Amino acid sequence: TTNGGLNWINTNSNGIFQVFDLSFPNIQTGYAATKYGLFAKTTDSGLNWFTLGPFDYFSTGGLFFTDVNTGFWAGESNISNKHIRKTTNGGLNWQETEVENIYSLFDIKFVDQNTGFACGYFQDSSGTNYDGLILKTINGGSTWNRTNFNNSGEFHEISVVQDFVYISGSYGKIIKSTNRGLNWEIQQSCYSNYIESIDFINQNTGYACSYGGI
């Protein structure tokens, strides 16, 4: 759309399907990641798309580019513990980062070139419960520090506004930080189901959606 969502047109997606996430670092260049690891790129504001790869099987959770060349791809690898990928050449090649004891990652967002967050879930020691986790990097994805949240369910999507970080979770929970992840607090929304998506337009005003509505 080019008129604020009043009208939408189909693009030449070149056979791409099951797209899970999009990231546009500028108005012309954009990237798309699919459920099974297929990766696509546009350089004409989404009118046409071409594929890059193929890459190893990778169930996509989130995609975020800090500029036209540098991007991060988080999800679930069925062949290793390498659940985060990084490119510095516009998606032509990807380097993988291994993070232990993660079942899947659902989203990844960056504040700047160095500081970023990823969220998802892991299985507890009993192997029966899923608990939320947040990963943070301060060196452009070279290493990640994790925070586990026991008995919390899965964490789904991240919204970043300056130093404020909001993450949607299971059971209607919203996880919030006011200092770029140094400390976290869990808030209870008006819903009891998991919150699928969240987006803040400033530090105080945000929107979240679940099966129960918006």
# chains A, B, ... in the order shown; residues from 1 in each chain; ligands from 1
$ residues_around --residues "segment 183-199 of chain A" --least-positions-apart "4" --cutoff "7 Å" --atoms "only C-alpha atoms" --output "JSON, numbers by chain"
{"A": [156, 157, 158, 159, 168, 169, 170, 171, 172, 173, 174, 175, 176, 177, 179, 206, 207, 208, 209, 210]}
$ write_last_selection --atoms "N, CA, C and O atoms" --output "PDB file, in the first residue's frame"
ATOM      1  N   HIS A 156       6.668 -13.897  22.463  1.00  0.00           N
ATOM      2  CA  HIS A 156       6.350 -13.914  21.036  1.00  0.00           C
ATOM      3  C   HIS A 156       6.933 -12.778  20.209  1.00  0.00           C
ATOM      4  O   HIS A 156       7.542 -13.025  19.175  1.00  0.00           O
ATOM      5  N   GLU A 157       6.715 -11.533  20.596  1.00  0.00           N
ATOM      6  CA  GLU A 157       7.150 -10.436  19.723  1.00  0.00           C
ATOM      7  C   GLU A 157       7.708  -9.290  20.547  1.00  0.00           C
ATOM      8  O   GLU A 157       7.308  -9.066  21.694  1.00  0.00           O
ATOM      9  N   ILE A 158       8.631  -8.529  19.931  1.00  0.00           N
ATOM     10  CA  ILE A 158       9.359  -7.457  20.598  1.00  0.00           C
ATOM     11  C   ILE A 158       9.018  -6.124  19.946  1.00  0.00           C
ATOM     12  O   ILE A 158       8.934  -6.019  18.723  1.00  0.00           O
ATOM     13  N   SER A 159       8.841  -5.102  20.780  1.00  0.00           N
ATOM     14  CA  SER A 159       8.704  -3.731  20.304  1.00  0.00           C
ATOM     15  C   SER A 159       9.669  -2.862  21.088  1.00  0.00           C
ATOM     16  O   SER A 159       9.684  -2.901  22.322  1.00  0.00           O
ATOM     17  N   SER A 168       5.645  -9.376  24.040  1.00  0.00           N
ATOM     18  CA  SER A 168       4.362 -10.046  24.275  1.00  0.00           C
ATOM     19  C   SER A 168       4.605 -11.501  24.651  1.00  0.00           C
ATOM     20  O   SER A 168       5.551 -12.138  24.185  1.00  0.00           O
ATOM     21  N   GLY A 169       3.733 -12.033  25.524  1.00  0.00           N
ATOM     22  CA  GLY A 169       3.935 -13.378  26.019  1.00  0.00           C
ATOM     23  C   GLY A 169       2.656 -14.181  26.126  1.00  0.00           C
ATOM     24  O   GLY A 169       1.583 -13.755  25.681  1.00  0.00           O
ATOM     25  N   SER A 170       2.780 -15.356  26.708  1.00  0.00           N
ATOM     26  CA  SER A 170       1.639 -16.235  26.938  1.00  0.00           C
ATOM     27  C   SER A 170       0.834 -15.748  28.143  1.00  0.00           C
ATOM     28  O   SER A 170       1.296 -14.925  28.941  1.00  0.00           O
ATOM     29  N   TYR A 171      -0.390 -16.267  28.262  1.00  0.00           N
ATOM     30  CA  TYR A 171      -1.269 -15.984  29.396  1.00  0.00           C
ATOM     31  C   TYR A 171      -1.546 -14.489  29.557  1.00  0.00           C
ATOM     32  O   TYR A 171      -1.794 -14.000  30.661  1.00  0.00           O
ATOM     33  N   GLY A 172      -1.509 -13.742  28.449  1.00  0.00           N
ATOM     34  CA  GLY A 172      -1.798 -12.316  28.503  1.00  0.00           C
ATOM     35  C   GLY A 172      -0.702 -11.463  29.092  1.00  0.00           C
ATOM     36  O   GLY A 172      -0.915 -10.281  29.403  1.00  0.00           O
ATOM     37  N   LYS A 173       0.490 -12.016  29.233  1.00  0.00           N
ATOM     38  CA  LYS A 173       1.573 -11.285  29.885  1.00  0.00           C
ATOM     39  C   LYS A 173       2.332 -10.396  28.893  1.00  0.00           C
ATOM     40  O   LYS A 173       2.495 -10.731  27.724  1.00  0.00           O
ATOM     41  N   ILE A 174       2.795  -9.252  29.398  1.00  0.00           N
ATOM     42  CA  ILE A 174       3.663  -8.347  28.657  1.00  0.00           C
ATOM     43  C   ILE A 174       4.894  -8.102  29.509  1.00  0.00           C
ATOM     44  O   ILE A 174       4.786  -7.732  30.682  1.00  0.00           O
ATOM     45  N   ILE A 175       6.064  -8.305  28.941  1.00  0.00           N
ATOM     46  CA  ILE A 175       7.316  -8.147  29.666  1.00  0.00           C
ATOM     47  C   ILE A 175       7.912  -6.804  29.256  1.00  0.00           C
ATOM     48  O   ILE A 175       7.997  -6.485  28.071  1.00  0.00           O
ATOM     49  N   LYS A 176       8.321  -6.017  30.237  1.00  0.00           N
ATOM     50  CA  LYS A 176       8.726  -4.637  29.977  1.00  0.00           C
ATOM     51  C   LYS A 176      10.073  -4.329  30.614  1.00  0.00           C
ATOM     52  O   LYS A 176      10.359  -4.759  31.730  1.00  0.00           O
ATOM     53  N   SER A 177      10.883  -3.557  29.889  1.00  0.00           N
ATOM     54  CA  SER A 177      12.116  -3.005  30.430  1.00  0.00           C
ATOM     55  C   SER A 177      12.172  -1.529  30.085  1.00  0.00           C
ATOM     56  O   SER A 177      11.785  -1.128  28.974  1.00  0.00           O
ATOM     57  N   ASN A 179      15.152   0.130  30.645  1.00  0.00           N
ATOM     58  CA  ASN A 179      16.583   0.445  30.592  1.00  0.00           C
ATOM     59  C   ASN A 179      17.340  -0.523  29.680  1.00  0.00           C
ATOM     60  O   ASN A 179      18.409  -1.006  30.030  1.00  0.00           O
ATOM     61  N   GLY A 206       0.882   1.896  23.210  1.00  0.00           N
ATOM     62  CA  GLY A 206       1.145   0.721  22.407  1.00  0.00           C
ATOM     63  C   GLY A 206      -0.109  -0.081  22.146  1.00  0.00           C
ATOM     64  O   GLY A 206      -1.164   0.166  22.740  1.00  0.00           O
ATOM     65  N   TYR A 207       0.002  -1.040  21.239  1.00  0.00           N
ATOM     66  CA  TYR A 207      -1.118  -1.883  20.844  1.00  0.00           C
ATOM     67  C   TYR A 207      -0.668  -3.348  20.888  1.00  0.00           C
ATOM     68  O   TYR A 207       0.476  -3.662  20.572  1.00  0.00           O
ATOM     69  N   ALA A 208      -1.582  -4.208  21.282  1.00  0.00           N
ATOM     70  CA  ALA A 208      -1.288  -5.633  21.313  1.00  0.00           C
ATOM     71  C   ALA A 208      -2.512  -6.380  20.801  1.00  0.00           C
ATOM     72  O   ALA A 208      -3.644  -5.910  20.935  1.00  0.00           O
ATOM     73  N   CYS A 209      -2.284  -7.543  20.210  1.00  0.00           N
ATOM     74  CA  CYS A 209      -3.406  -8.329  19.697  1.00  0.00           C
ATOM     75  C   CYS A 209      -3.241  -9.797  20.045  1.00  0.00           C
ATOM     76  O   CYS A 209      -2.123 -10.289  20.172  1.00  0.00           O
ATOM     77  N   SER A 210      -4.381 -10.462  20.218  1.00  0.00           N
ATOM     78  CA  SER A 210      -4.416 -11.882  20.509  1.00  0.00           C
ATOM     79  C   SER A 210      -5.674 -12.451  19.881  1.00  0.00           C
ATOM     80  O   SER A 210      -6.406 -11.759  19.159  1.00  0.00           O
TER      81      SER A 210
END
$ residues_around --residues "Gly62 of chain A" --least-positions-apart "6" --cutoff "10 Å" --atoms "only C-alpha atoms" --output "list in words"
Phe20, Asp21, Leu22, Ser23, Ala32, Ala33, Thr34, Phe72, Trp73, Ala74, Gly75, Ile84, Leu105, Phe106, Asp107, Ile108, Lys109, Ala118, Cys119, His156, Glu157 and Ile158 of chain A
$ atom_distance --atom1 "atom CA of Asn204 of chain A" --atom2 "atom CA of Arg180 of chain A"
15.3 Å
$ residues_around --residues "segment 1-7 of chain A" --least-positions-apart "3" --cutoff "12 Å" --atoms "only C-alpha atoms" --output "MDAnalysis selection string"
chainID A and resid 10:11 27 45:47
$ closest_residue --among "A:Leu38, A:Tyr103, A:Lys86, A:Phe110" --to "Val161 of chain A" --atoms "only C-alpha atoms"
A:Phe110
$ residues_around --residues "Thr51 of chain A" --least-positions-apart "5" --cutoff "12 Å" --atoms "only C-alpha atoms" --output "mmCIF file with N, CA, C and O atoms, in the first residue's frame"
data_model
loop_
_atom_site.group_PDB
_atom_site.id
_atom_site.type_symbol
_atom_site.label_atom_id
_atom_site.label_comp_id
_atom_site.auth_asym_id
_atom_site.auth_seq_id
_atom_site.Cartn_x
_atom_site.Cartn_y
_atom_site.Cartn_z
ATOM 1 N N ASN A 12 4.917 -8.955 -7.298
ATOM 2 C CA ASN A 12 5.503 -10.114 -7.968
ATOM 3 C C ASN A 12 6.398 -10.841 -6.978
ATOM 4 O O ASN A 12 7.595 -10.560 -6.857
ATOM 5 N N SER A 13 5.800 -11.774 -6.232
ATOM 6 C CA SER A 13 6.541 -12.444 -5.157
ATOM 7 C C SER A 13 7.378 -13.616 -5.650
ATOM 8 O O SER A 13 8.057 -14.273 -4.856
ATOM 9 N N ASN A 14 7.322 -13.916 -6.944
ATOM 10 C CA ASN A 14 8.234 -14.893 -7.552
ATOM 11 C C ASN A 14 8.147 -16.267 -6.889
ATOM 12 O O ASN A 14 9.147 -16.928 -6.643
ATOM 13 N N GLY A 15 6.918 -16.675 -6.574
ATOM 14 C CA GLY A 15 6.720 -18.008 -6.017
ATOM 15 C C GLY A 15 6.996 -18.138 -4.542
ATOM 16 O O GLY A 15 6.984 -19.242 -3.991
ATOM 17 N N ILE A 16 7.240 -17.030 -3.860
ATOM 18 C CA ILE A 16 7.509 -17.074 -2.427
ATOM 19 C C ILE A 16 6.190 -17.242 -1.673
ATOM 20 O O ILE A 16 5.212 -16.560 -1.965
ATOM 21 N N PHE A 17 6.155 -18.149 -0.715
ATOM 22 C CA PHE A 17 4.945 -18.360 0.060
ATOM 23 C C PHE A 17 5.305 -18.666 1.505
ATOM 24 O O PHE A 17 6.463 -18.889 1.837
ATOM 25 N N GLY A 30 14.121 -4.235 0.870
ATOM 26 C CA GLY A 30 13.409 -5.004 1.879
ATOM 27 C C GLY A 30 13.754 -6.476 1.783
ATOM 28 O O GLY A 30 14.241 -6.966 0.757
ATOM 29 N N TYR A 31 13.487 -7.198 2.862
ATOM 30 C CA TYR A 31 13.798 -8.617 2.953
ATOM 31 C C TYR A 31 12.597 -9.376 3.507
ATOM 32 O O TYR A 31 11.809 -8.839 4.294
ATOM 33 N N ALA A 32 12.466 -10.627 3.095
ATOM 34 C CA ALA A 32 11.386 -11.480 3.571
ATOM 35 C C ALA A 32 11.947 -12.855 3.888
ATOM 36 O O ALA A 32 12.802 -13.374 3.171
ATOM 37 N N ALA A 33 11.466 -13.440 4.978
ATOM 38 C CA ALA A 33 11.883 -14.782 5.382
ATOM 39 C C ALA A 33 10.653 -15.666 5.506
ATOM 40 O O ALA A 33 9.619 -15.240 6.018
ATOM 41 N N THR A 34 10.761 -16.891 5.035
ATOM 42 C CA THR A 34 9.626 -17.809 5.040
ATOM 43 C C THR A 34 9.756 -18.827 6.158
ATOM 44 O O THR A 34 10.774 -18.905 6.856
ATOM 45 N N GLY A 37 12.863 -21.387 5.688
ATOM 46 C CA GLY A 37 14.227 -20.969 5.429
ATOM 47 C C GLY A 37 14.481 -20.323 4.084
ATOM 48 O O GLY A 37 15.607 -19.918 3.806
ATOM 49 N N LEU A 38 13.483 -20.209 3.221
ATOM 50 C CA LEU A 38 13.664 -19.487 1.968
ATOM 51 C C LEU A 38 13.731 -17.994 2.272
ATOM 52 O O LEU A 38 12.978 -17.481 3.097
ATOM 53 N N PHE A 39 14.620 -17.303 1.581
ATOM 54 C CA PHE A 39 14.888 -15.904 1.866
ATOM 55 C C PHE A 39 14.753 -15.098 0.581
ATOM 56 O O PHE A 39 15.197 -15.536 -0.482
ATOM 57 N N ALA A 40 14.143 -13.925 0.655
ATOM 58 C CA ALA A 40 13.900 -13.121 -0.540
ATOM 59 C C ALA A 40 14.261 -11.660 -0.283
ATOM 60 O O ALA A 40 14.283 -11.196 0.864
ATOM 61 N N LYS A 41 14.506 -10.936 -1.381
ATOM 62 C CA LYS A 41 14.941 -9.544 -1.293
ATOM 63 C C LYS A 41 14.289 -8.723 -2.395
ATOM 64 O O LYS A 41 14.045 -9.206 -3.503
ATOM 65 N N THR A 42 13.983 -7.470 -2.099
ATOM 66 C CA THR A 42 13.494 -6.530 -3.092
ATOM 67 C C THR A 42 14.348 -5.273 -3.049
ATOM 68 O O THR A 42 14.830 -4.875 -1.981
ATOM 69 N N THR A 43 14.552 -4.655 -4.200
ATOM 70 C CA THR A 43 15.281 -3.388 -4.268
ATOM 71 C C THR A 43 14.446 -2.306 -4.944
ATOM 72 O O THR A 43 14.967 -1.240 -5.263
ATOM 73 N N GLY A 90 23.918 -8.252 2.750
ATOM 74 C CA GLY A 90 22.588 -8.202 2.147
ATOM 75 C C GLY A 90 21.938 -9.544 1.925
ATOM 76 O O GLY A 90 21.129 -9.687 1.007
ATOM 77 N N GLY A 91 22.273 -10.528 2.745
ATOM 78 C CA GLY A 91 21.618 -11.826 2.663
ATOM 79 C C GLY A 91 22.275 -12.837 1.758
ATOM 80 O O GLY A 91 21.770 -13.960 1.615
ATOM 81 N N LEU A 92 23.402 -12.481 1.137
ATOM 82 C CA LEU A 92 24.086 -13.447 0.276
ATOM 83 C C LEU A 92 24.660 -14.594 1.092
ATOM 84 O O LEU A 92 24.631 -15.750 0.675
#
$ atom_distance --atom1 "atom CA of Asp67 of chain A" --atom2 "atom CA of Lys136 of chain A"
19.1 Å
$ select_by_dssp --residues "segment 76-122 of chain A" --states "strand (DSSP E or B)" --output "mmCIF file with all heavy atoms, in the first residue's frame"
data_model
loop_
_atom_site.group_PDB
_atom_site.id
_atom_site.type_symbol
_atom_site.label_atom_id
_atom_site.label_comp_id
_atom_site.auth_asym_id
_atom_site.auth_seq_id
_atom_site.Cartn_x
_atom_site.Cartn_y
_atom_site.Cartn_z
ATOM 1 N N GLU A 76 14.198 -21.335 14.428
ATOM 2 C CA GLU A 76 14.449 -22.671 14.964
ATOM 3 C C GLU A 76 15.142 -23.517 13.910
ATOM 4 O O GLU A 76 14.634 -23.707 12.808
ATOM 5 C CB GLU A 76 13.137 -23.339 15.379
ATOM 6 C CG GLU A 76 13.299 -24.771 15.870
ATOM 7 C CD GLU A 76 11.966 -25.428 16.160
ATOM 8 O OE1 GLU A 76 10.947 -24.716 16.217
ATOM 9 O OE2 GLU A 76 11.945 -26.662 16.297
ATOM 10 N N ILE A 84 20.238 -18.308 15.613
ATOM 11 C CA ILE A 84 20.356 -16.923 15.156
ATOM 12 C C ILE A 84 21.351 -16.868 14.012
ATOM 13 O O ILE A 84 22.447 -17.423 14.095
ATOM 14 C CB ILE A 84 20.824 -15.993 16.294
ATOM 15 C CG1 ILE A 84 19.790 -15.982 17.427
ATOM 16 C CG2 ILE A 84 21.042 -14.578 15.776
ATOM 17 C CD1 ILE A 84 20.209 -15.139 18.610
ATOM 18 N N ARG A 85 20.946 -16.195 12.945
ATOM 19 C CA ARG A 85 21.827 -16.012 11.801
ATOM 20 C C ARG A 85 22.045 -14.527 11.545
ATOM 21 O O ARG A 85 21.166 -13.707 11.784
ATOM 22 C CB ARG A 85 21.221 -16.661 10.548
ATOM 23 C CG ARG A 85 21.096 -18.176 10.649
ATOM 24 C CD ARG A 85 20.452 -18.781 9.422
ATOM 25 N NE ARG A 85 20.446 -20.242 9.503
ATOM 26 C CZ ARG A 85 19.983 -21.041 8.549
ATOM 27 N NH1 ARG A 85 19.468 -20.524 7.442
ATOM 28 N NH2 ARG A 85 20.026 -22.351 8.698
ATOM 29 N N LYS A 86 23.226 -14.188 11.019
ATOM 30 C CA LYS A 86 23.570 -12.803 10.729
ATOM 31 C C LYS A 86 24.195 -12.699 9.343
ATOM 32 O O LYS A 86 24.991 -13.553 8.948
ATOM 33 C CB LYS A 86 24.553 -12.260 11.783
ATOM 34 C CG LYS A 86 25.005 -10.819 11.520
ATOM 35 C CD LYS A 86 25.997 -10.346 12.575
ATOM 36 C CE LYS A 86 26.451 -8.919 12.295
ATOM 37 N NZ LYS A 86 27.406 -8.416 13.320
ATOM 38 N N THR A 87 23.816 -11.650 8.614
ATOM 39 C CA THR A 87 24.427 -11.365 7.322
ATOM 40 C C THR A 87 25.007 -9.958 7.343
ATOM 41 O O THR A 87 24.463 -9.059 7.988
ATOM 42 C CB THR A 87 23.412 -11.480 6.169
ATOM 43 O OG1 THR A 87 24.069 -11.197 4.927
ATOM 44 C CG2 THR A 87 22.247 -10.532 6.351
ATOM 45 N N GLN A 95 26.039 -16.087 8.764
ATOM 46 C CA GLN A 95 26.809 -16.720 9.819
ATOM 47 C C GLN A 95 25.864 -17.115 10.950
ATOM 48 O O GLN A 95 24.951 -16.356 11.297
ATOM 49 C CB GLN A 95 27.885 -15.771 10.351
ATOM 50 C CG GLN A 95 28.896 -15.349 9.309
ATOM 51 C CD GLN A 95 29.834 -14.277 9.829
ATOM 52 O OE1 GLN A 95 29.457 -13.453 10.641
ATOM 53 N NE2 GLN A 95 31.064 -14.299 9.346
ATOM 54 N N GLU A 96 26.088 -18.289 11.525
ATOM 55 C CA GLU A 96 25.189 -18.802 12.553
ATOM 56 C C GLU A 96 25.810 -18.672 13.932
ATOM 57 O O GLU A 96 27.010 -18.838 14.100
ATOM 58 C CB GLU A 96 24.837 -20.262 12.276
ATOM 59 C CG GLU A 96 24.081 -20.460 10.977
ATOM 60 C CD GLU A 96 23.746 -21.914 10.734
ATOM 61 O OE1 GLU A 96 24.589 -22.779 11.048
ATOM 62 O OE2 GLU A 96 22.648 -22.194 10.248
ATOM 63 N N THR A 97 24.961 -18.360 14.911
ATOM 64 C CA THR A 97 25.378 -18.252 16.303
ATOM 65 C C THR A 97 24.666 -19.318 17.111
ATOM 66 O O THR A 97 23.446 -19.454 17.042
ATOM 67 C CB THR A 97 25.054 -16.860 16.873
ATOM 68 O OG1 THR A 97 25.736 -15.873 16.110
ATOM 69 C CG2 THR A 97 25.477 -16.767 18.323
ATOM 70 N N SER A 104 12.916 -22.600 20.488
ATOM 71 C CA SER A 104 12.646 -21.796 19.305
ATOM 72 C C SER A 104 12.681 -20.326 19.676
ATOM 73 O O SER A 104 12.432 -19.944 20.827
ATOM 74 C CB SER A 104 11.272 -22.135 18.713
ATOM 75 O OG SER A 104 11.070 -21.446 17.486
ATOM 76 N N LEU A 105 13.007 -19.482 18.694
ATOM 77 C CA LEU A 105 12.950 -18.035 18.841
ATOM 78 C C LEU A 105 11.870 -17.491 17.906
ATOM 79 O O LEU A 105 11.771 -17.906 16.754
ATOM 80 C CB LEU A 105 14.298 -17.400 18.508
ATOM 81 C CG LEU A 105 15.456 -17.756 19.444
ATOM 82 C CD1 LEU A 105 16.763 -17.164 18.926
ATOM 83 C CD2 LEU A 105 15.189 -17.262 20.861
ATOM 84 N N PHE A 106 11.079 -16.544 18.424
ATOM 85 C CA PHE A 106 9.957 -16.010 17.658
ATOM 86 C C PHE A 106 10.209 -14.626 17.070
ATOM 87 O O PHE A 106 9.550 -14.229 16.115
ATOM 88 C CB PHE A 106 8.708 -15.951 18.539
ATOM 89 C CG PHE A 106 8.088 -17.296 18.796
ATOM 90 C CD1 PHE A 106 7.691 -17.651 20.079
ATOM 91 C CD2 PHE A 106 7.906 -18.208 17.779
ATOM 92 C CE1 PHE A 106 7.116 -18.884 20.334
ATOM 93 C CE2 PHE A 106 7.341 -19.446 18.015
ATOM 94 C CZ PHE A 106 6.946 -19.788 19.296
ATOM 95 N N ASP A 107 11.136 -13.858 17.656
ATOM 96 C CA ASP A 107 11.333 -12.498 17.153
ATOM 97 C C ASP A 107 12.727 -12.007 17.502
ATOM 98 O O ASP A 107 13.384 -12.523 18.423
ATOM 99 C CB ASP A 107 10.284 -11.543 17.741
ATOM 100 C CG ASP A 107 10.155 -10.251 16.935
ATOM 101 O OD1 ASP A 107 10.633 -10.226 15.780
ATOM 102 O OD2 ASP A 107 9.586 -9.274 17.450
ATOM 103 N N ILE A 108 13.169 -10.990 16.758
ATOM 104 C CA ILE A 108 14.456 -10.353 17.002
ATOM 105 C C ILE A 108 14.348 -8.894 16.580
ATOM 106 O O ILE A 108 13.778 -8.580 15.533
ATOM 107 C CB ILE A 108 15.592 -11.090 16.252
ATOM 108 C CG1 ILE A 108 16.957 -10.587 16.686
ATOM 109 C CG2 ILE A 108 15.417 -11.004 14.741
ATOM 110 C CD1 ILE A 108 18.109 -11.472 16.243
ATOM 111 N N LYS A 109 14.842 -7.989 17.437
ATOM 112 C CA LYS A 109 14.809 -6.562 17.139
ATOM 113 C C LYS A 109 16.109 -5.928 17.638
ATOM 114 O O LYS A 109 16.693 -6.376 18.625
ATOM 115 C CB LYS A 109 13.639 -5.874 17.840
ATOM 116 C CG LYS A 109 12.257 -6.262 17.346
ATOM 117 C CD LYS A 109 11.948 -5.698 15.988
ATOM 118 C CE LYS A 109 10.475 -5.793 15.616
ATOM 119 N NZ LYS A 109 9.858 -7.099 15.798
ATOM 120 N N PHE A 110 16.536 -4.851 16.960
ATOM 121 C CA PHE A 110 17.737 -4.133 17.367
ATOM 122 C C PHE A 110 17.408 -2.669 17.635
ATOM 123 O O PHE A 110 16.614 -2.055 16.922
ATOM 124 C CB PHE A 110 18.816 -4.238 16.291
ATOM 125 C CG PHE A 110 19.696 -5.446 16.462
ATOM 126 C CD1 PHE A 110 19.205 -6.717 16.178
ATOM 127 C CD2 PHE A 110 20.987 -5.324 16.922
ATOM 128 C CE1 PHE A 110 19.995 -7.840 16.353
ATOM 129 C CE2 PHE A 110 21.791 -6.438 17.099
ATOM 130 C CZ PHE A 110 21.294 -7.699 16.815
ATOM 131 N N GLY A 116 20.721 -5.511 20.641
ATOM 132 C CA GLY A 116 19.534 -6.169 20.107
ATOM 133 C C GLY A 116 18.963 -7.173 21.089
ATOM 134 O O GLY A 116 19.609 -7.565 22.071
ATOM 135 N N PHE A 117 17.729 -7.608 20.796
ATOM 136 C CA PHE A 117 17.017 -8.546 21.652
ATOM 137 C C PHE A 117 16.367 -9.629 20.797
ATOM 138 O O PHE A 117 15.938 -9.375 19.672
ATOM 139 C CB PHE A 117 15.931 -7.830 22.457
ATOM 140 C CG PHE A 117 16.449 -6.739 23.346
ATOM 141 C CD1 PHE A 117 16.567 -5.441 22.881
ATOM 142 C CD2 PHE A 117 16.841 -7.015 24.643
ATOM 143 C CE1 PHE A 117 17.049 -4.426 23.695
ATOM 144 C CE2 PHE A 117 17.329 -6.015 25.470
ATOM 145 C CZ PHE A 117 17.426 -4.716 24.995
ATOM 146 N N ALA A 118 16.305 -10.827 21.337
ATOM 147 C CA ALA A 118 15.556 -11.925 20.727
ATOM 148 C C ALA A 118 14.730 -12.593 21.817
ATOM 149 O O ALA A 118 15.108 -12.574 22.992
ATOM 150 C CB ALA A 118 16.491 -12.933 20.069
ATOM 151 N N CYS A 119 13.603 -13.169 21.450
ATOM 152 C CA CYS A 119 12.762 -13.817 22.452
ATOM 153 C C CYS A 119 12.185 -15.110 21.894
ATOM 154 O O CYS A 119 12.072 -15.293 20.681
ATOM 155 C CB CYS A 119 11.630 -12.893 22.910
ATOM 156 S SG CYS A 119 10.361 -12.562 21.670
ATOM 157 N N GLY A 120 11.829 -16.000 22.806
ATOM 158 C CA GLY A 120 11.259 -17.282 22.414
ATOM 159 C C GLY A 120 10.961 -18.103 23.644
ATOM 160 O O GLY A 120 10.461 -17.591 24.645
ATOM 161 N N TYR A 121 11.324 -19.389 23.582
ATOM 162 C CA TYR A 121 11.057 -20.244 24.734
ATOM 163 C C TYR A 121 11.995 -21.445 24.735
ATOM 164 O O TYR A 121 12.655 -21.741 23.741
ATOM 165 C CB TYR A 121 9.602 -20.699 24.755
ATOM 166 C CG TYR A 121 9.195 -21.630 23.625
ATOM 167 C CD1 TYR A 121 9.094 -23.010 23.835
ATOM 168 C CD2 TYR A 121 8.883 -21.145 22.364
ATOM 169 C CE1 TYR A 121 8.698 -23.862 22.814
ATOM 170 C CE2 TYR A 121 8.490 -21.981 21.343
ATOM 171 C CZ TYR A 121 8.400 -23.347 21.580
ATOM 172 O OH TYR A 121 8.013 -24.190 20.562
ATOM 173 N N PHE A 122 12.047 -22.126 25.880
ATOM 174 C CA PHE A 122 12.849 -23.329 26.040
ATOM 175 C C PHE A 122 12.061 -24.313 26.894
ATOM 176 O O PHE A 122 11.061 -23.953 27.536
ATOM 177 C CB PHE A 122 14.191 -23.007 26.692
ATOM 178 C CG PHE A 122 14.092 -22.544 28.119
ATOM 179 C CD1 PHE A 122 14.365 -23.406 29.170
ATOM 180 C CD2 PHE A 122 13.722 -21.236 28.422
ATOM 181 C CE1 PHE A 122 14.263 -22.991 30.483
ATOM 182 C CE2 PHE A 122 13.625 -20.803 29.736
ATOM 183 C CZ PHE A 122 13.893 -21.682 30.767
#
$ closest_residue --among "A:Pro25, A:Gly132, A:Gly181, A:Gly53" --to "Asn93 of chain A" --atoms "only C-alpha atoms"
A:Gly53
$ closest_residue --among "A:Ser77, A:Asn101, A:Asn202, A:Thr70" --to "Val160 of chain A" --atoms "only C-alpha atoms"
A:Asn202
$ closest_residue --among "A:Asn129, A:Gln18, A:Thr115, A:Gln28" --to "Trp144 of chain A" --atoms "only C-alpha atoms"
A:Thr115
$ atom_distance --atom1 "atom CA of Ser142 of chain A" --atom2 "atom CA of Asp112 of chain A"
14.3 Å
